[in-house]
Amino acid sequence: MTDSTPIKANASLDSLVPLLPQKKVSIQQNTGLCPPPPRKINNSTHISKTDPDARLAHKKGTAHTLKYKVHHSIDDYKRIIIDCYVTPGSVHESQPYIERLHHILKTYNILFKEVVADRAYGSAEILNQLIGEQIKPYIPWFSSRSGSASPKVSEGFLYNADRDVFRCVNQITLFPSSHVDKGLKRYSAPTKECRACAKTKKCKAKIVKKSGKRYVLRSVFQELYARVTENMKHPAFLKKLQERMWKMEGIIAEAKTLHGLSQAKYRRLEKVQIQALMTAIALNIKRIQAIT
């Protein structure tokens, strides 16, 4: 089971400085009626002089602050932490996921056959790779920067898997494009046929304004999404996700509430990694004592 949690860095927003020199605009120079636009502050424009490894990040409902992110993986039997990895707070949960799974396999020679995580890890690329490595994922899929969900095909269009084409209600064929953008393939109909179609005004397909060409989109992972969607309805899948709630999130809550992992005590990535590892050791000792 895997999950991650943001922790506050030992640095304040006051420590942010521009990455590049900025031009100073005096009040006299600003002669317009409107005030000068506010400065944009993000990870591409500013860095903390106190802790250069910390990054601006926020979770829904929380303020933008400098953070790190701790990625934990546990076994779902005794809840022993088998991997604890720290990244800057702006790193998405899914980015180091596969790499850390391979690290666990290599380090402990654990040939696990199932993994459990929340929907933040449910990108098409991750799910596809896990299935390819014969690891069963109990991970819901979703649409985000970690992966794109399968689009809803416009009403009235049927897909022919053998020919890899779509047919509309008026039996016009939409042929695939060789170009794939963000995992989506475009299927277009001949412009002349669309214009001559009596149902063109009621057509639900998207339209290219310049050429008038009609098209629909289909994910290259469509079969995968259908498979995952079906698995998500299975009682065993739901049970695994419910277990993750108290097993995985319980570990994180304990680490932050009882062992001081809610905030970094030190600065720079290497030292925060040591803090996270020491916290994991303390939690594991408690679990091992309970087992014995």
# chains A, B, ... in the order shown; residues from 1 in each chain; ligands from 1
>>> residues_around(residues="Tyr121 (chain A)", least_positions_apart="2", cutoff="9 Å", atoms="only C-alpha atoms", output="JSON, numbers by chain")
{"A": [3, 93, 94, 95, 97, 117, 118, 119, 123, 126, 127, 139, 140, 141, 142, 146, 147]}
>>> select_by_dssp(residues="region 17-223 of chain A", states="alpha helix (DSSP H)", output="mmCIF file with C-alpha atoms, in the first residue's frame")
data_model
loop_
_atom_site.group_PDB
_atom_site.id
_atom_site.type_symbol
_atom_site.label_atom_id
_atom_site.label_comp_id
_atom_site.auth_asym_id
_atom_site.auth_seq_id
_atom_site.Cartn_x
_atom_site.Cartn_y
_atom_site.Cartn_z
ATOM 1 C CA TYR A 97 5.727 5.622 -7.756
ATOM 2 C CA ILE A 98 6.974 3.016 -10.248
ATOM 3 C CA GLU A 99 10.610 3.791 -9.425
ATOM 4 C CA ARG A 100 9.970 3.212 -5.704
ATOM 5 C CA LEU A 101 8.148 -0.063 -6.384
ATOM 6 C CA HIS A 102 11.176 -1.257 -8.333
ATOM 7 C CA HIS A 103 13.387 -0.097 -5.461
ATOM 8 C CA ILE A 104 11.372 -2.262 -3.033
ATOM 9 C CA LEU A 105 11.620 -5.261 -5.373
ATOM 10 C CA LYS A 106 15.376 -4.838 -5.746
ATOM 11 C CA THR A 107 16.128 -4.057 -2.103
ATOM 12 C CA TYR A 108 13.985 -6.675 -0.374
ATOM 13 C CA ALA A 124 -3.103 5.206 -17.549
ATOM 14 C CA GLU A 125 0.672 4.873 -17.806
ATOM 15 C CA ILE A 126 1.003 3.547 -14.247
ATOM 16 C CA LEU A 127 -1.930 1.145 -14.505
ATOM 17 C CA ASN A 128 -0.744 -0.148 -17.865
ATOM 18 C CA GLN A 129 2.799 -0.737 -16.603
ATOM 19 C CA LEU A 130 1.636 -2.541 -13.470
ATOM 20 C CA ILE A 131 -0.585 -4.875 -15.464
ATOM 21 C CA GLY A 132 2.292 -5.438 -17.911
ATOM 22 C CA THR A 191 -15.633 17.057 -44.938
ATOM 23 C CA LYS A 192 -17.695 16.587 -48.106
ATOM 24 C CA GLU A 193 -19.681 13.722 -46.612
ATOM 25 C CA CYS A 194 -20.378 15.677 -43.429
ATOM 26 C CA ARG A 195 -21.609 18.715 -45.325
ATOM 27 C CA ALA A 196 -23.913 16.557 -47.420
ATOM 28 C CA GLN A 222 -9.833 2.909 -23.765
ATOM 29 C CA GLU A 223 -9.794 -0.855 -23.124
#
>>> select_by_dssp(residues="region 31-237 of chain A", states="strand (DSSP E or B)", output="MDAnalysis selection string")
chainID A and resid 46:48 55:57 65:74 81:88 114:116 136:138 144 147 158:160 165:167 173:181 184:188 206:207 214:219
>>> residues_around(residues="Ser188 (chain A)", least_positions_apart="4", cutoff="6 Å", atoms="only C-alpha atoms", output="JSON, numbers by chain")
{"A": [174, 175, 214, 215]}
>>> write_last_selection(atoms="N, CA and C atoms", output="mmCIF file, in the first residue's frame")
data_model
loop_
_atom_site.group_PDB
_atom_site.id
_atom_site.type_symbol
_atom_site.label_atom_id
_atom_site.label_comp_id
_atom_site.auth_asym_id
_atom_site.auth_seq_id
_atom_site.Cartn_x
_atom_site.Cartn_y
_atom_site.Cartn_z
ATOM 1 N N LEU A 174 -15.582 7.538 -39.759
ATOM 2 C CA LEU A 174 -14.578 8.469 -39.232
ATOM 3 C C LEU A 174 -13.268 7.708 -39.100
ATOM 4 N N PHE A 175 -12.241 8.156 -39.821
ATOM 5 C CA PHE A 175 -10.970 7.445 -39.873
ATOM 6 C C PHE A 175 -9.978 8.019 -38.855
ATOM 7 N N ARG A 214 -15.688 17.249 -38.945
ATOM 8 C CA ARG A 214 -16.211 16.672 -37.709
ATOM 9 C C ARG A 214 -15.255 15.587 -37.193
ATOM 10 N N TYR A 215 -15.175 15.487 -35.859
ATOM 11 C CA TYR A 215 -14.278 14.471 -35.307
ATOM 12 C C TYR A 215 -14.732 14.059 -33.905
#
>>> closest_residue(among="A:Leu224, A:Ala189, A:Arg267, A:Lys40", to="Ile207 (chain A)", atoms="only C-alpha atoms")
A:Ala189
>>> residues_around(residues="Met278 (chain A)", least_positions_apart="3", cutoff="12 Å", atoms="only C-alpha atoms", output="list of chain:residue names")
A:Ile81, A:Cys84, A:Tyr85, A:Ala255, A:His259, A:Gly260, A:Leu261, A:Lys265, A:Lys271, A:Val272, A:Gln273, A:Ile274, A:Gln275, A:Ile281, A:Ala282, A:Leu283, A:Asn284, A:Ile285
>>> closest_residue(among="A:Thr2, A:Leu66, A:Ala280, A:Phe237", to="Glu254 (chain A)", atoms="only C-alpha atoms")
A:Ala280
